[in-house]
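The file data05.txt comes next; it holds compact mmCIF, C-alpha atoms.
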# COMPACT_ATOMS: atom_id res chain seq x y z
CA MET A 1 80.28 103.03 72.74
CA SER A 2 77.08 103.26 74.71
CA GLU A 3 77.62 100.02 76.62
CA ALA A 4 77.60 100.07 80.41
CA PRO A 5 81.11 100.04 81.91
CA GLU A 6 82.21 96.69 83.25
CA VAL A 7 84.21 95.34 86.15
CA GLU A 8 85.58 91.84 86.67
CA LEU A 9 85.25 90.23 90.10
CA TRP A 10 88.04 87.70 90.63
CA PHE A 11 87.14 85.57 93.62
CA GLU A 12 87.17 82.19 95.23
CA PHE A 13 84.77 80.62 97.69
CA GLY A 14 87.55 79.73 100.15
CA SER A 15 88.40 83.40 100.60
CA VAL A 16 86.52 85.05 103.46
CA TYR A 17 87.02 88.55 102.12
CA SER A 18 85.62 87.34 98.78
CA TYR A 19 82.47 86.54 100.77
CA LEU A 20 81.93 90.24 101.45
CA ALA A 21 82.51 91.29 97.82
CA VAL A 22 80.44 88.46 96.33
CA MET A 23 77.49 89.38 98.54
CA ARG A 24 77.72 93.12 97.81
CA ILE A 25 78.92 93.61 94.24
CA GLU A 26 75.73 93.34 92.18
CA ARG A 27 73.79 95.68 94.45
CA GLU A 28 76.62 98.22 94.52
CA ALA A 29 77.26 97.90 90.77
CA ARG A 30 73.62 98.75 90.04
CA LYS A 31 74.04 102.06 91.86
CA PHE A 32 76.90 102.91 89.48
CA ASN A 33 75.18 101.37 86.41
CA VAL A 34 78.18 99.07 85.97
CA SER A 35 77.96 95.44 84.87
CA VAL A 36 79.84 92.62 86.58
CA ARG A 37 81.77 89.73 85.05
CA TRP A 38 82.44 86.84 87.41
CA LYS A 39 85.93 85.35 87.39
CA PRO A 40 86.43 82.38 89.69
CA PHE A 41 90.08 81.34 90.13
CA LEU A 42 92.27 79.20 92.36
CA LEU A 43 93.71 81.56 94.94
CA GLY A 44 96.05 78.96 96.48
CA ALA A 45 97.71 78.35 93.10
CA VAL A 46 98.35 82.09 92.73
CA PHE A 47 99.87 82.20 96.23
CA GLN A 48 102.17 79.37 95.15
CA ALA A 49 103.12 81.11 91.90
CA ILE A 50 104.03 84.29 93.79
CA GLY A 51 106.15 82.29 96.19
CA LEU A 52 104.04 82.64 99.33
CA LYS A 53 104.44 79.74 101.71
CA SER A 54 101.12 80.26 103.44
CA ASN A 55 97.88 82.16 103.17
CA PRO A 56 98.74 85.78 104.10
CA ILE A 57 95.66 85.89 106.33
CA THR A 58 96.90 83.05 108.52
CA GLU A 59 100.66 83.48 108.22
CA HIS A 60 100.97 84.49 111.85
CA LYS A 61 98.71 84.14 114.86
CA GLU A 62 98.16 87.89 115.34
CA LYS A 63 96.83 88.36 111.83
CA ARG A 64 94.73 85.22 111.91
CA ASP A 65 93.08 86.28 115.19
CA TYR A 66 92.54 89.78 113.86
CA SER A 67 91.12 88.61 110.53
CA LEU A 68 88.45 86.51 112.20
CA ARG A 69 87.45 89.45 114.39
CA ASP A 70 87.57 91.85 111.45
CA ILE A 71 85.42 89.63 109.26
CA ALA A 72 82.85 89.25 112.05
CA ARG A 73 82.65 93.04 112.38
CA GLN A 74 82.46 93.58 108.62
CA CYS A 75 79.65 91.04 108.31
CA SER A 76 77.81 92.84 111.09
CA LYS A 77 78.31 96.16 109.30
CA TYR A 78 76.97 94.81 106.01
CA GLY A 79 74.18 92.80 107.61
CA LEU A 80 75.64 89.43 106.57
CA GLN A 81 75.44 86.16 108.46
CA TRP A 82 78.72 84.93 109.93
CA VAL A 83 79.62 81.72 111.70
CA GLU A 84 83.31 81.33 112.44
CA PRO A 85 84.61 78.46 110.29
CA ILE A 86 86.14 75.39 111.93
CA THR A 87 88.59 75.16 109.05
CA PHE A 88 89.87 78.53 107.96
CA PRO A 89 90.20 79.21 105.14
CA ARG A 90 87.61 76.78 103.84
CA PRO A 91 88.12 75.39 100.34
CA GLY A 92 85.38 75.17 97.75
CA LEU A 93 86.68 73.66 94.53
CA LEU A 94 83.51 71.98 93.30
CA PRO A 95 81.30 75.09 93.44
CA LEU A 96 84.18 77.10 91.94
CA ARG A 97 84.06 74.85 88.88
CA VAL A 98 80.28 75.26 88.70
CA ALA A 99 80.80 79.02 88.89
CA LEU A 100 83.24 78.85 86.00
CA ALA A 101 80.81 76.81 83.91
CA GLY A 102 78.05 79.31 84.62
CA ALA A 103 80.11 82.50 84.74
CA ASP A 104 78.21 84.19 81.90
CA GLU A 105 74.76 82.95 82.91
CA PRO A 106 72.19 85.35 84.37
CA TRP A 107 72.03 83.27 87.58
CA ILE A 108 75.75 83.46 88.39
CA GLY A 109 75.46 86.17 91.03
CA LYS A 110 72.59 84.42 92.76
CA PHE A 111 74.48 81.11 92.72
CA CYS A 112 77.69 82.58 94.14
CA ARG A 113 75.83 84.37 96.92
CA ALA A 114 74.00 81.17 97.87
CA VAL A 115 77.28 79.19 98.01
CA MET A 116 78.89 81.89 100.13
CA GLU A 117 75.95 81.97 102.53
CA LEU A 118 76.16 78.21 102.89
CA ASN A 119 79.92 78.37 103.50
CA TYR A 120 80.16 81.26 105.93
CA GLY A 121 76.62 81.99 107.02
CA THR A 122 75.38 78.54 107.98
CA HIS A 123 78.64 76.63 107.89
CA GLU A 124 77.85 73.74 105.59
CA ASP A 125 80.15 71.74 103.34
CA ILE A 126 80.04 73.42 99.93
CA ASN A 127 82.21 70.67 98.44
CA ASP A 128 79.59 68.03 99.12
CA PRO A 129 77.95 67.25 95.74
CA GLU A 130 74.61 66.39 97.35
CA ARG A 131 74.46 69.57 99.38
CA LEU A 132 75.47 71.57 96.32
CA SER A 133 72.80 69.82 94.23
CA THR A 134 70.10 70.70 96.76
CA LEU A 135 71.27 74.27 96.69
CA MET A 136 71.19 74.46 92.90
CA GLU A 137 67.73 72.90 92.79
CA SER A 138 66.49 75.45 95.31
CA LEU A 139 67.66 78.10 92.83
CA ASP A 140 65.89 76.34 89.91
CA LEU A 141 69.20 75.44 88.29
CA PRO A 142 69.87 72.17 86.39
CA ALA A 143 71.89 70.56 89.17
CA SER A 144 72.97 67.30 87.57
CA SER A 145 73.95 68.91 84.29
CA LEU A 146 75.96 71.58 86.10
CA LEU A 147 77.72 69.03 88.30
CA GLU A 148 78.60 67.11 85.17
CA GLN A 149 80.06 70.22 83.58
CA ALA A 150 81.95 71.01 86.78
CA ARG A 151 83.58 67.58 86.74
CA ASP A 152 84.44 67.71 83.04
CA GLU A 153 88.18 67.78 82.39
CA LYS A 154 87.66 70.77 80.09
CA THR A 155 86.20 72.80 82.94
CA LYS A 156 89.03 71.79 85.25
CA ALA A 157 91.56 72.81 82.59
CA ARG A 158 89.77 76.11 81.99
CA LEU A 159 89.89 76.90 85.72
CA ARG A 160 93.64 76.31 85.71
CA GLU A 161 93.97 78.55 82.64
CA GLN A 162 91.89 81.27 84.26
CA THR A 163 94.11 81.01 87.35
CA GLU A 164 97.23 81.44 85.21
CA LEU A 165 95.59 84.45 83.62
CA ALA A 166 94.94 85.91 87.08
CA TYR A 167 98.61 85.57 87.88
CA ARG A 168 99.66 87.15 84.56
CA LYS A 169 97.35 90.07 85.24
CA GLY A 170 99.20 90.74 88.50
CA LEU A 171 96.59 89.43 90.93
CA PHE A 172 97.96 88.28 94.28
CA GLY A 173 94.84 88.00 96.44
CA ALA A 174 91.07 87.78 96.47
CA PRO A 175 88.73 89.41 95.99
CA SER A 176 90.32 91.43 93.21
CA ILE A 177 88.40 93.76 90.98
CA LEU A 178 89.77 94.52 87.54
CA VAL A 179 88.64 97.52 85.54
CA GLY A 180 90.46 96.99 82.26
CA SER A 181 94.03 96.48 83.44
CA GLU A 182 93.53 98.56 86.60
CA LEU A 183 93.64 96.35 89.69
CA PHE A 184 91.70 96.95 92.91
CA TRP A 185 92.41 94.51 95.72
CA GLY A 186 89.95 93.67 98.43
CA ASN A 187 86.34 94.24 99.34
CA ASP A 188 87.46 97.60 100.76
CA ARG A 189 88.18 98.82 97.22
CA LEU A 190 84.86 97.74 95.68
CA GLU A 191 83.34 101.22 95.64
CA ASP A 192 86.59 102.74 94.35
CA ALA A 193 86.68 100.21 91.51
CA LEU A 194 83.07 100.93 90.51
CA SER A 195 83.71 104.64 90.69
CA TYR A 196 86.81 104.21 88.52
CA ALA A 197 84.85 102.18 85.97
CA VAL A 198 82.43 105.07 85.55
CA ASN A 199 84.99 107.87 85.64
CA PRO A 200 88.66 106.85 85.33
CA GLU A 201 89.80 110.47 85.19
CA LYS A 202 88.64 111.11 88.74
CA MET A 203 91.32 108.88 90.25
CA MET B 204 81.41 109.39 132.49
CA SER B 205 80.64 112.35 130.28
CA GLU B 206 84.08 112.39 128.64
CA ALA B 207 84.36 112.11 124.87
CA PRO B 208 85.17 108.60 123.69
CA GLU B 209 88.76 108.08 122.67
CA VAL B 210 90.71 106.19 120.05
CA GLU B 211 94.44 105.52 119.88
CA LEU B 212 96.24 105.92 116.57
CA TRP B 213 99.29 103.65 116.44
CA PHE B 214 101.45 104.75 113.55
CA GLU B 215 104.89 105.26 112.18
CA PHE B 216 106.17 107.75 109.64
CA GLY B 217 107.79 105.04 107.51
CA SER B 218 104.40 103.44 106.86
CA VAL B 219 102.67 104.76 103.74
CA TYR B 220 99.23 103.68 104.88
CA SER B 221 99.86 105.52 108.16
CA TYR B 222 100.22 108.62 105.98
CA LEU B 223 96.55 108.36 105.00
CA ALA B 224 95.33 107.85 108.58
CA VAL B 225 97.58 110.54 110.08
CA MET B 226 96.30 113.09 107.57
CA ARG B 227 92.63 112.16 108.08
CA ILE B 228 92.08 111.16 111.68
CA GLU B 229 91.56 114.47 113.48
CA ARG B 230 89.09 115.75 110.89
CA GLU B 231 87.15 112.47 110.89
CA ALA B 232 87.26 112.17 114.69
CA ARG B 233 85.68 115.61 115.06
CA LYS B 234 82.66 114.42 113.06
CA PHE B 235 82.19 111.62 115.62
CA ASN B 236 83.11 113.81 118.62
CA VAL B 237 85.89 111.37 119.47
CA SER B 238 89.32 112.38 120.79
CA VAL B 239 92.57 110.98 119.45
CA ARG B 240 95.63 109.78 121.32
CA TRP B 241 98.80 109.53 119.23
CA LYS B 242 100.91 106.40 119.66
CA PRO B 243 104.11 106.34 117.62
CA PHE B 244 105.84 102.96 117.56
CA LEU B 245 108.55 101.06 115.67
CA LEU B 246 106.74 99.01 113.06
CA GLY B 247 109.85 97.13 111.93
CA ALA B 248 110.47 95.86 115.47
CA VAL B 249 106.91 94.53 115.63
CA PHE B 250 107.40 92.76 112.28
CA GLN B 251 110.50 91.15 113.75
CA ALA B 252 108.70 90.13 116.94
CA ILE B 253 105.94 88.47 114.92
CA GLY B 254 108.51 86.62 112.86
CA LEU B 255 108.02 88.39 109.53
CA LYS B 256 111.13 88.38 107.41
CA SER B 257 110.14 91.41 105.36
CA ASN B 258 107.64 94.22 105.22
CA PRO B 259 104.33 92.63 104.12
CA ILE B 260 103.83 95.44 101.63
CA THR B 261 107.03 94.64 99.75
CA GLU B 262 107.27 90.91 100.36
CA HIS B 263 106.68 90.14 96.70
CA LYS B 264 106.86 92.22 93.55
CA GLU B 265 103.14 91.98 92.74
CA LYS B 266 102.11 93.43 96.10
CA ARG B 267 104.79 96.11 96.05
CA ASP B 268 103.72 97.28 92.58
CA TYR B 269 100.08 97.21 93.61
CA SER B 270 100.65 99.07 96.87
CA LEU B 271 102.36 101.98 95.14
CA ARG B 272 99.47 102.22 92.66
CA ASP B 273 96.90 101.84 95.43
CA ILE B 274 98.48 104.54 97.58
CA ALA B 275 98.59 106.92 94.62
CA ARG B 276 94.86 106.34 94.00
CA GLN B 277 93.99 106.69 97.68
CA CYS B 278 95.90 109.97 97.93
CA SER B 279 94.03 111.22 94.88
CA LYS B 280 90.73 110.20 96.48
CA TYR B 281 91.52 111.99 99.75
CA GLY B 282 93.09 115.02 98.04
CA LEU B 283 96.57 114.32 99.44
CA GLN B 284 99.89 115.03 97.77
CA TRP B 285 101.84 111.97 96.68
CA VAL B 286 105.31 111.61 95.23
CA GLU B 287 106.47 108.02 94.83
CA PRO B 288 109.32 107.47 97.30
CA ILE B 289 112.77 106.47 95.99
CA THR B 290 113.20 104.30 99.06
CA PHE B 291 110.04 102.47 100.01
CA PRO B 292 109.20 102.18 102.80
CA ARG B 293 110.98 105.31 104.03
CA PRO B 294 112.17 105.31 107.64
CA GLY B 295 111.63 108.23 110.00
CA LEU B 296 113.10 107.47 113.40
CA LEU B 297 114.03 110.99 114.48
CA PRO B 298 110.57 112.54 113.94
CA LEU B 299 109.03 109.43 115.55
CA ARG B 300 110.96 110.21 118.73
CA VAL B 301 109.82 113.83 118.56
CA ALA B 302 106.25 112.57 118.15
CA LEU B 303 106.65 110.42 121.25
CA ALA B 304 108.01 113.34 123.25
CA GLY B 305 105.08 115.50 122.16
CA ALA B 306 102.37 112.84 121.98
CA ASP B 307 100.13 114.56 124.52
CA GLU B 308 100.76 118.12 123.32
CA PRO B 309 98.04 120.04 121.50
CA TRP B 310 100.32 120.40 118.43
CA ILE B 311 100.90 116.67 117.93
CA GLY B 312 98.42 116.24 115.08
CA LYS B 313 99.74 119.26 113.25
CA PHE B 314 103.33 118.07 113.67
CA CYS B 315 102.61 114.54 112.44
CA ARG B 316 100.75 115.81 109.38
CA ALA B 317 103.61 118.17 108.52
CA VAL B 318 106.17 115.35 108.80
CA MET B 319 104.03 113.08 106.63
CA GLU B 320 103.60 115.77 103.99
CA LEU B 321 107.34 116.27 103.91
CA ASN B 322 107.95 112.55 103.62
CA TYR B 323 105.37 111.57 101.02
CA GLY B 324 104.07 114.81 99.60
CA THR B 325 107.29 116.64 98.78
CA HIS B 326 109.77 113.83 99.27
CA GLU B 327 112.26 115.34 101.68
CA ASP B 328 114.46 113.63 104.25
CA ILE B 329 112.51 113.65 107.51
CA ASN B 330 115.49 112.17 109.35
CA ASP B 331 117.65 115.20 108.64
CA PRO B 332 117.80 117.19 111.93
CA GLU B 333 118.14 120.52 110.12
CA ARG B 334 115.18 119.90 107.85
CA LEU B 335 113.15 118.72 110.84
CA SER B 336 114.16 121.83 112.82
CA THR B 337 113.02 124.11 110.01
CA LEU B 338 109.73 122.28 109.93
CA MET B 339 109.22 122.57 113.69
CA GLU B 340 110.09 126.27 113.60
CA SER B 341 107.56 126.81 110.83
CA LEU B 342 104.98 125.32 113.21
CA ASP B 343 106.13 127.61 116.08
CA LEU B 344 107.51 124.65 118.03
CA PRO B 345 110.67 124.78 120.20
CA ALA B 346 112.87 122.92 117.72
CA SER B 347 116.13 122.62 119.64
CA SER B 348 114.46 121.58 122.86
CA LEU B 349 112.38 118.94 121.04
CA LEU B 350 115.41 117.57 119.17
CA GLU B 351 117.18 117.31 122.50
CA GLN B 352 114.28 115.39 123.98
CA ALA B 353 114.15 113.16 120.90
CA ARG B 354 117.80 112.25 121.32
CA ASP B 355 117.53 111.64 125.07
CA GLU B 356 118.12 108.02 126.04
CA LYS B 357 114.90 108.09 128.06
CA THR B 358 112.87 108.92 124.97
CA LYS B 359 114.60 106.18 122.98
CA ALA B 360 113.84 103.71 125.77
CA ARG B 361 110.23 104.85 125.98
CA LEU B 362 109.80 104.32 122.23
CA ARG B 363 111.09 100.77 122.59
CA GLU B 364 108.70 100.22 125.52
CA GLN B 365 105.78 101.60 123.56
CA THR B 366 106.72 99.27 120.69
CA GLU B 367 106.71 96.28 123.05
CA LEU B 368 103.32 97.41 124.28
CA ALA B 369 102.06 97.51 120.69
CA TYR B 370 103.16 93.93 120.24
CA ARG B 371 101.53 92.84 123.51
CA LYS B 372 98.29 94.47 122.43
CA GLY B 373 98.25 92.29 119.30
CA LEU B 374 99.25 94.92 116.75
CA PHE B 375 100.92 93.58 113.63
CA GLY B 376 100.78 96.53 111.23
CA ALA B 377 100.27 100.25 110.88
CA PRO B 378 98.20 102.27 111.06
CA SER B 379 96.29 100.51 113.81
CA ILE B 380 93.46 102.07 115.71
CA LEU B 381 92.70 100.82 119.19
CA VAL B 382 89.37 101.46 120.89
CA GLY B 383 89.98 100.03 124.34
CA SER B 384 91.25 96.56 123.49
CA GLU B 385 89.38 96.42 120.18
CA LEU B 386 91.82 96.53 117.27
CA PHE B 387 91.13 98.08 113.86
CA TRP B 388 93.89 97.68 111.30
CA GLY B 389 94.48 100.05 108.44
CA ASN B 390 93.31 103.40 107.20
CA ASP B 391 90.35 101.55 105.64
CA ARG B 392 88.99 100.85 109.13
CA LEU B 393 89.28 104.42 110.46
CA GLU B 394 85.59 105.23 110.14
CA ASP B 395 84.62 101.83 111.59
CA ALA B 396 86.86 102.45 114.61
CA LEU B 397 85.39 105.90 115.24
CA SER B 398 81.90 104.53 114.87
CA TYR B 399 82.71 101.74 117.30
CA ALA B 400 84.13 104.24 119.82
CA VAL B 401 80.80 106.05 119.83
CA ASN B 402 78.57 102.99 119.77
CA PRO B 403 80.23 99.61 120.47
CA GLU B 404 76.89 97.81 120.45
CA LYS B 405 76.35 98.57 116.78
CA MET B 406 79.19 96.29 115.67

Translate this file's structure into structure tokens.
Amino acid sequence: MSEAPEVELWFEFGSVYSYLAVMRIEREARKFNVSVRWKPFLLGAVFQAIGLKSNPITEHKEKRDYSLRDIARQCSKYGLQWVEPITFPRPGLLPLRVALAGADEPWIGKFCRAVMELNYGTHEDINDPERLSTLMESLDLPASSLLEQARDEKTKARLREQTELAYRKGLFGAPSILVGSELFWGNDRLEDALSYAVNPEKM
Amino acid sequence: MSEAPEVELWFEFGSVYSYLAVMRIEREARKFNVSVRWKPFLLGAVFQAIGLKSNPITEHKEKRDYSLRDIARQCSKYGLQWVEPITFPRPGLLPLRVALAGADEPWIGKFCRAVMELNYGTHEDINDPERLSTLMESLDLPASSLLEQARDEKTKARLREQTELAYRKGLFGAPSILVGSELFWGNDRLEDALSYAVNPEKM
């Protein structure tokens, strides 16, 4: 077993804290010599399955206000762009399906970062097929073929299956990082998860 | 204004994540040359005021299971003792009133750490007046006089007032760190709060 240890990043574009982890994970993982598997899933469906009536981040005014301030500060700390969304959280189903179709491709990290930057950094509509096509073309990706895959019923079904899997694995929020069956919740646990992947005995 | 910058630690003994911050804050604050003011408050009353029906940490099974695992890992990371509580969360009203009475005393940090270690490290009943007396005596504190103050109606009223103040300041969880009116929620934001206290422009 000489393979590099691996972590799974479970995320969704509508999740602001996923923004932080998506932007950071590949750079941080390289420091630990850990590889990343990208696992898009439908966070809202997991909330429903758990029995939550609303997004925990917006369930009351105090937490919503705080979260927006916290995210702004975290983006500043990590050197990330941040424009406060008009709709919060902001859904992104179409790019999530593209991410599922391309989850094992070498460009997946680059694609996810570009979608996140568009969503939270410059505040554009990531669900707009034309805007998403332009973005994919700018990354030298086969835009029309990927959009076709994203809209394929098989992809839609696979995203639902992956979401059910997230729930069965005990996920209840995003981003979540899985190292085997060990769950780390939130961008704040990214370094802990990578450290655990390298040396599980230490924790 | 040559005084050291200051942060307020809003906490309660029944909050497991407060355990982490209470144990760490004075050591971390020294690195930043920041002073700490201790602000005990009634977390459950704030949850009620916000309209939460249950403790967010135990509102569903998935999060409860995760939180216990997460706390165990965090304690391991910080080198803190951890015994999984039988009752979770575990209330601690009597020592909270002592903490309020002694909030500005030089021994407050030492007292709070000792109570937390008893609660989560060795799993003893921190609400038992005799056990609490023994603890205070071991710290060379005037146990009977402090218990008397803790039970005084004025102290009880002050704790309720401080709790109302927490709510008015926008707090919705514990630990919370306030730097002026800037709120940082959770042990995970301790270093950010201290950094902000020293240099608000950076964030």

* Would you give me, as a PyMOL selection string, the residues of chain B that come within 7 Å of chain A, using all atoms listed in the file? => chain B and resi 265-266+276+279-280+373+375+391+406

* Expected residue set, 12 Å radius at (86.6, 83.6, 87.6), only C-alpha atoms, as a ChimeraX atom specification -> /A:8-13,18,22,36-43,95-104,108-109,112,155,158-166,174-178

* Give the answer as one residue: which of B:Leu338, B:Leu350, B:Leu296, B:Leu283 has the shortest atom-to-atom distance to Ala224 (chain B), using all atoms listed in the file? =>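 Of all the options, B:Leu283 lies closest to Ala224 (chain B).
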
* **Å distance separating CA of Ser181 (chain A) from CA of Ala197 (chain A), one decimal place** =>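 Interatomic distance here is 11.1 Å.
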
* To do: Using only C-alpha atoms, pick whichever of B:Arg334, B:Phe250, B:Val210, B:Met226 has the shortest atom-to-atom distance to Ser238 (chain B).
  =>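 Among the listed residues, the smallest separation from Ser238 (chain B) belongs to B:Val210.
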
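CA of Ser15 (chain A) is found 7.4 Å from CA of Arg90 (chain A).
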
* Separation of CA of Gly217 (chain B) and CA of Met339 (chain B), in Å? ->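 Computing it gives 18.6 Å between the two atoms.
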
Find the axis-aligned box for region 183-192 of chain A, covering all its listed atoms and adding 4 Å on each side, and write its centre and edge lengths in Å to one decimal as AutoDock Vina command-line options.
--center_x 88.5 --center_y 98.2 --center_z 95.2 --size_x 18.3 --size_y 17.1 --size_z 19.1

* **From B:Glu351, B:Glu320, B:Glu356, B:Glu308, residue lying nearest Trp285 (chain B) [only C-alpha atoms]** =>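 Ranking B:Glu351, B:Glu320, B:Glu356, B:Glu308 by distance to Trp285 (chain B), first place goes to B:Glu320.
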